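K.L.:
This is the structure I have questions about; it appears just below.
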Amino acid sequence: MKDLQPTIRPDRAFLDWPVATDAAGWNAEVALLGIRHSEPYAHDPFPNDQAMAPAAIRAMSASFCYDTAHWDFDVGGDLASCLPAHVDMGDVAFDGGDYDAYAAAITARIRRVWRQGAQLIVLGGDHGVTIPVVDALDAIGEPVHILHVDAHLDWREDVGGVRRGYSSPLQWASKLPAVSGMTQIGLRGIGSARQREVKAARAYGSRLFSAEQIHADGIGPVLATIPEGRAVYLTIDADGLDPTEMPAVMAPTPGGIYFRQLAPLLRTVARRNRIVGMDIVEIAPSYDFVNGLTCVGAGRIILNVLGASWGEGGAWRRARN
Ligand SMILES: [Mn+2]
């Protein structure tokens, strides 16, 4: 397998973590990777705006956490004292050539991360970047449930013949033997799906929650669909959140879920279930006019997952001890 060399060194590491672009040279329990591109659609510009998000999120590090040694009320402690060895692996980028080789190399690298027993954090990119990531889930060695936050269903089989673009990640994941089920939340508006995609998702057994259902009933019914103790992969499309909180997306849609709903959901999941990996995708930094609010939100979501995973009562902390 051809490796991704060189992986791009970020200008600023996520939270100023140590940078190791060569996966062979690091030994960490939390690994972060930026994936700038997925398989492009003919009708979209390449590179798209979302390709700038990994750098934009890292650049806002000081705004979402200027010192991990400080008490963090979301975490209920300080991240510095509970987070194990961690590394920023830099970014990978598609050069417009052989997409199969690019995707296969990402999958190979992530398999290595998971075989070493690390938790993976991915910064997208558009939602197509989730596909080469979930392709590596077989390396977990146990069934994995997917928790998906998005305004859109993302169950398109293909768009103009392209199978691995941003409209297809959950449909793609449903074909993988390592994936045991999925819960999709935040759905609303023109949720990208035609009737046949909604039917296919339901026939597969995906548990769908509109944003409105969550506003009405809270997160309890969502939690009930995630098998206790099962490994979880979390994929968050920024447009799943309300655009008042995460405005910098290509398809802002009113009525989204709020951080105050997502944070306790993720905290509970990260305590009951080992979140083996997560991605946050579809941030369009050119639209992040207001204090970089969308990138700050992304950083806070990642910090919440890390804190709940590795802090008191966290599933990763339990698995390690
Ligand atoms: Mn999406």
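Labeling convention for the structure tokens: chains A, B, ... as they appear, residues from 1 per chain, ligands from 1 in order of appearance.
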Taking the DSSP assignment computed from this structure's backbone, write out as a JSON list (two decimals) with C-alpha atoms, in the first residue's frame all residues of range 149-258 of chain A that belong to strand (DSSP E or B).
P.N.:
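This went into selection-v7.json:
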```json
[["chain", "number", "residue", "atom", "x", "y", "z"],
["A", 149, "VAL", "CA", -25.74, 14.42, 13.43],
["A", 159, "VAL", "CA", -24.60, 11.58, -7.40],
["A", 162, "VAL", "CA", -19.84, 9.55, -7.90],
["A", 179, "VAL", "CA", -21.24, -1.35, 11.14],
["A", 180, "SER", "CA", -23.95, -2.88, 13.33],
["A", 181, "GLY", "CA", -26.49, -0.06, 13.13],
["A", 182, "MET", "CA", -26.97, 3.67, 13.07],
["A", 183, "THR", "CA", -28.84, 6.54, 14.68],
["A", 184, "GLN", "CA", -29.31, 9.69, 12.62],
["A", 185, "ILE", "CA", -30.40, 12.88, 14.36],
["A", 186, "GLY", "CA", -31.10, 16.51, 13.51],
["A", 187, "LEU", "CA", -32.94, 15.79, 10.23],
["A", 207, "ARG", "CA", -33.14, 5.08, 13.63],
["A", 208, "LEU", "CA", -34.10, 8.51, 12.34],
["A", 209, "PHE", "CA", -34.80, 11.52, 14.55],
["A", 210, "SER", "CA", -35.88, 14.84, 13.14],
["A", 231, "ALA", "CA", -18.30, 0.86, 20.22],
["A", 232, "VAL", "CA", -19.54, 4.07, 18.58],
["A", 233, "TYR", "CA", -18.34, 6.12, 15.63],
["A", 234, "LEU", "CA", -19.64, 9.69, 15.73],
["A", 235, "THR", "CA", -20.02, 11.75, 12.57],
["A", 236, "ILE", "CA", -21.12, 15.37, 12.92],
["A", 237, "ASP", "CA", -22.13, 17.47, 9.96],
["A", 241, "LEU", "CA", -26.66, 22.05, 14.58],
["A", 257, "ILE", "CA", -30.32, 20.94, 17.36]]
```
K.L.:
Which residues are near ligand 1 in this structure, taking near to mean any atom at most 6 Å from a ligand atom and counting only C-alpha atoms and all ligand atoms? Format them as a PyMOL selection string.
P.N.:
chain A and resi 127+150+152+154+237
K.L.:
Measuring atom to atom with only C-alpha atoms, identify which of A:Ser174, A:Ser206, A:Gln119, A:Asn273 is nearest to Leu32 in chain A.
P.N.:
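The answer is A:Gln119, which sits nearest to Leu32 in chain A.
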K.L.:
Find the residues near range 139-144 of chain A: any atom within 10 Å, counting only C-alpha atoms, skip ones fewer than 5 places away on the same chain, and give them as a list in words.
P.N.:
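Counting only C-alpha atoms, the residues come to Thr107, Ala108, Ile110, Arg111, Arg112, Val113, Trp114, Arg115, Gln116, Gly117, Ala118, Val134, Pro177, Ala178, Val179, Ser180, Gly181, Met182, Pro227, Arg230, Ala231, Val232, Tyr233, Arg274, Ile275 and Val276 of chain A.
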K.L.:
How about saving the chosen residues, N, CA and C atoms kept, as a PDB file, in the first residue's frame?
P.N.:
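Result went into part_8.pdb, see below:
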```
ATOM      1  N   THR A 107      -7.570   5.149   4.383  1.00  0.00           N
ATOM      2  CA  THR A 107      -8.110   3.999   5.115  1.00  0.00           C
ATOM      3  C   THR A 107      -6.979   3.196   5.761  1.00  0.00           C
ATOM      4  N   ALA A 108      -5.890   3.005   5.029  1.00  0.00           N
ATOM      5  CA  ALA A 108      -4.757   2.229   5.566  1.00  0.00           C
ATOM      6  C   ALA A 108      -4.156   2.931   6.783  1.00  0.00           C
ATOM      7  N   ILE A 110      -5.664   5.016   8.836  1.00  0.00           N
ATOM      8  CA  ILE A 110      -6.590   4.991   9.976  1.00  0.00           C
ATOM      9  C   ILE A 110      -6.674   3.587  10.572  1.00  0.00           C
ATOM     10  N   ARG A 111      -6.567   2.561   9.720  1.00  0.00           N
ATOM     11  CA  ARG A 111      -6.497   1.199  10.287  1.00  0.00           C
ATOM     12  C   ARG A 111      -5.327   1.078  11.253  1.00  0.00           C
ATOM     13  N   ARG A 112      -4.200   1.668  10.897  1.00  0.00           N
ATOM     14  CA  ARG A 112      -3.030   1.608  11.795  1.00  0.00           C
ATOM     15  C   ARG A 112      -3.320   2.314  13.114  1.00  0.00           C
ATOM     16  N   VAL A 113      -3.980   3.471  13.027  1.00  0.00           N
ATOM     17  CA  VAL A 113      -4.336   4.215  14.253  1.00  0.00           C
ATOM     18  C   VAL A 113      -5.199   3.325  15.145  1.00  0.00           C
ATOM     19  N   TRP A 114      -6.200   2.695  14.543  1.00  0.00           N
ATOM     20  CA  TRP A 114      -7.125   1.888  15.344  1.00  0.00           C
ATOM     21  C   TRP A 114      -6.478   0.593  15.826  1.00  0.00           C
ATOM     22  N   ARG A 115      -5.612   0.008  15.000  1.00  0.00           N
ATOM     23  CA  ARG A 115      -4.938  -1.217  15.468  1.00  0.00           C
ATOM     24  C   ARG A 115      -4.029  -0.924  16.644  1.00  0.00           C
ATOM     25  N   GLN A 116      -3.523   0.312  16.710  1.00  0.00           N
ATOM     26  CA  GLN A 116      -2.695   0.688  17.864  1.00  0.00           C
ATOM     27  C   GLN A 116      -3.554   1.049  19.070  1.00  0.00           C
ATOM     28  N   GLY A 117      -4.863   0.965  18.907  1.00  0.00           N
ATOM     29  CA  GLY A 117      -5.764   1.176  20.040  1.00  0.00           C
ATOM     30  C   GLY A 117      -6.020   2.626  20.380  1.00  0.00           C
ATOM     31  N   ALA A 118      -5.859   3.532  19.403  1.00  0.00           N
ATOM     32  CA  ALA A 118      -6.052   4.964  19.685  1.00  0.00           C
ATOM     33  C   ALA A 118      -7.464   5.414  19.317  1.00  0.00           C
ATOM     34  N   VAL A 134     -14.687   5.354   7.663  1.00  0.00           N
ATOM     35  CA  VAL A 134     -15.483   4.195   8.111  1.00  0.00           C
ATOM     36  C   VAL A 134     -15.043   2.908   7.419  1.00  0.00           C
ATOM     37  N   PRO A 177     -19.676  -4.498   6.847  1.00  0.00           N
ATOM     38  CA  PRO A 177     -19.945  -5.526   7.862  1.00  0.00           C
ATOM     39  C   PRO A 177     -19.612  -5.062   9.282  1.00  0.00           C
ATOM     40  N   ALA A 178     -18.659  -4.151   9.429  1.00  0.00           N
ATOM     41  CA  ALA A 178     -18.262  -3.695  10.775  1.00  0.00           C
ATOM     42  C   ALA A 178     -19.320  -2.804  11.416  1.00  0.00           C
ATOM     43  N   VAL A 179     -20.234  -2.274  10.609  1.00  0.00           N
ATOM     44  CA  VAL A 179     -21.242  -1.345  11.139  1.00  0.00           C
ATOM     45  C   VAL A 179     -22.491  -2.130  11.533  1.00  0.00           C
ATOM     46  N   SER A 180     -22.853  -2.050  12.833  1.00  0.00           N
ATOM     47  CA  SER A 180     -23.954  -2.878  13.327  1.00  0.00           C
ATOM     48  C   SER A 180     -25.290  -2.142  13.318  1.00  0.00           C
ATOM     49  N   GLY A 181     -25.244  -0.833  13.140  1.00  0.00           N
ATOM     50  CA  GLY A 181     -26.486  -0.064  13.129  1.00  0.00           C
ATOM     51  C   GLY A 181     -26.171   1.411  13.146  1.00  0.00           C
ATOM     52  N   MET A 182     -27.216   2.226  13.018  1.00  0.00           N
ATOM     53  CA  MET A 182     -26.969   3.667  13.066  1.00  0.00           C
ATOM     54  C   MET A 182     -28.176   4.438  13.590  1.00  0.00           C
ATOM     55  N   PRO A 227     -26.913   0.841  21.497  1.00  0.00           N
ATOM     56  CA  PRO A 227     -26.723  -0.281  22.420  1.00  0.00           C
ATOM     57  C   PRO A 227     -25.646   0.026  23.460  1.00  0.00           C
ATOM     58  N   ARG A 230     -21.665  -0.762  23.312  1.00  0.00           N
ATOM     59  CA  ARG A 230     -21.218  -0.931  21.927  1.00  0.00           C
ATOM     60  C   ARG A 230     -20.246   0.172  21.526  1.00  0.00           C
ATOM     61  N   ALA A 231     -19.194  -0.172  20.764  1.00  0.00           N
ATOM     62  CA  ALA A 231     -18.303   0.858  20.221  1.00  0.00           C
ATOM     63  C   ALA A 231     -19.118   1.789  19.322  1.00  0.00           C
ATOM     64  N   VAL A 232     -18.790   3.071  19.354  1.00  0.00           N
ATOM     65  CA  VAL A 232     -19.543   4.074  18.584  1.00  0.00           C
ATOM     66  C   VAL A 232     -18.589   4.884  17.708  1.00  0.00           C
ATOM     67  N   TYR A 233     -19.001   5.127  16.471  1.00  0.00           N
ATOM     68  CA  TYR A 233     -18.340   6.121  15.626  1.00  0.00           C
ATOM     69  C   TYR A 233     -19.313   7.287  15.469  1.00  0.00           C
ATOM     70  N   ARG A 274     -17.562   3.319  24.171  1.00  0.00           N
ATOM     71  CA  ARG A 274     -16.261   3.820  23.726  1.00  0.00           C
ATOM     72  C   ARG A 274     -16.466   4.480  22.361  1.00  0.00           C
ATOM     73  N   ILE A 275     -16.283   5.792  22.288  1.00  0.00           N
ATOM     74  CA  ILE A 275     -16.352   6.489  20.999  1.00  0.00           C
ATOM     75  C   ILE A 275     -14.992   6.286  20.336  1.00  0.00           C
ATOM     76  N   VAL A 276     -14.937   5.313  19.417  1.00  0.00           N
ATOM     77  CA  VAL A 276     -13.637   4.923  18.842  1.00  0.00           C
ATOM     78  C   VAL A 276     -13.109   5.987  17.896  1.00  0.00           C
TER      79      VAL A 276
END
```
K.L.:
Figure out the distance between CA of Ile302 in chain A and CA of Thr268 in chain A, please, to one decimal in Å.
P.N.:
14.3 Å
K.L.:
Which residues are close to Asp288 in chain A, i.e. within 7 Å by only C-alpha atoms, leaving aside same-chain residues fewer than 4 positions away? Reply as JSON, numbers by chain.
P.N.:
{"A": [247, 248, 292, 293, 294]}
K.L.:
Please identify which residues in range 83-254 of chain A DSSP calls helix (DSSP H, G or I) from the backbone, and express them as a count of residues only.
P.N.:
59
K.L.:
Using only C-alpha atoms, which protein or nucleic acid residues come within 6 Å of range 16-21 of chain A? Drop anything in the same chain fewer than 4 positions from it, and give the result as a compact mmCIF listing (two decimals) with C-alpha atoms, in the first residue's frame.
P.N.:
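The result, written out as part.txt:
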```
# COMPACT_ATOMS: atom_id res chain seq x y z
CA THR A 7 1.20 14.36 5.03
CA VAL A 87 -0.84 13.77 18.46
CA ASP A 88 -1.89 15.92 15.51
CA MET A 89 -1.08 13.93 12.36
CA GLY A 90 -1.52 16.91 10.04
```
K.L.:
CA of Ile226 in chain A to CA of Gly205 in chain A: how many Å, to one decimal?
P.N.:
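Computing the Euclidean distance for CA of Ile226 in chain A and CA of Gly205 in chain A yields 12.4 Å.
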K.L.:
Which one is closest to Ile301 in chain A: A:Arg260, A:Arg271, A:Arg12, A:His145? Count only C-alpha atoms.
P.N.:
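The answer is A:Arg260, which sits nearest to Ile301 in chain A.
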K.L.:
Would you kindly return, as a PDB file with N, CA and C atoms, in the first residue's frame, each protein, DNA or RNA residue with an atom no farther than 7 Å from any atom of Gly165 in chain A, considering only C-alpha atoms and excluding same-chain residues fewer than 4 positions away?
P.N.:
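Printed below is out.pdb as written:
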```
ATOM      1  N   SER A  38     -12.829  15.061  -0.300  1.00  0.00           N
ATOM      2  CA  SER A  38     -13.402  13.745  -0.595  1.00  0.00           C
ATOM      3  C   SER A  38     -13.531  13.644  -2.104  1.00  0.00           C
ATOM      4  N   GLU A  39     -14.295  12.653  -2.555  1.00  0.00           N
ATOM      5  CA  GLU A  39     -14.454  12.494  -4.007  1.00  0.00           C
ATOM      6  C   GLU A  39     -15.320  13.645  -4.522  1.00  0.00           C
ATOM      7  N   PRO A  40     -14.770  14.485  -5.393  1.00  0.00           N
ATOM      8  CA  PRO A  40     -15.516  15.686  -5.808  1.00  0.00           C
ATOM      9  C   PRO A  40     -16.654  15.382  -6.779  1.00  0.00           C
ATOM     10  N   TYR A  41     -17.709  16.180  -6.698  1.00  0.00           N
ATOM     11  CA  TYR A  41     -18.777  16.151  -7.699  1.00  0.00           C
ATOM     12  C   TYR A  41     -18.423  17.123  -8.827  1.00  0.00           C
ATOM     13  N   GLY A 128     -18.050  13.670   2.516  1.00  0.00           N
ATOM     14  CA  GLY A 128     -17.478  12.505   1.834  1.00  0.00           C
ATOM     15  C   GLY A 128     -16.212  11.984   2.512  1.00  0.00           C
TER      16      GLY A 128
END
```
K.L.:
Which is closer to Pro285 in chain A than all the others in A:Leu176, A:Val249, A:Ala315, A:Val92, using only C-alpha atoms?
P.N.:
A:Val249
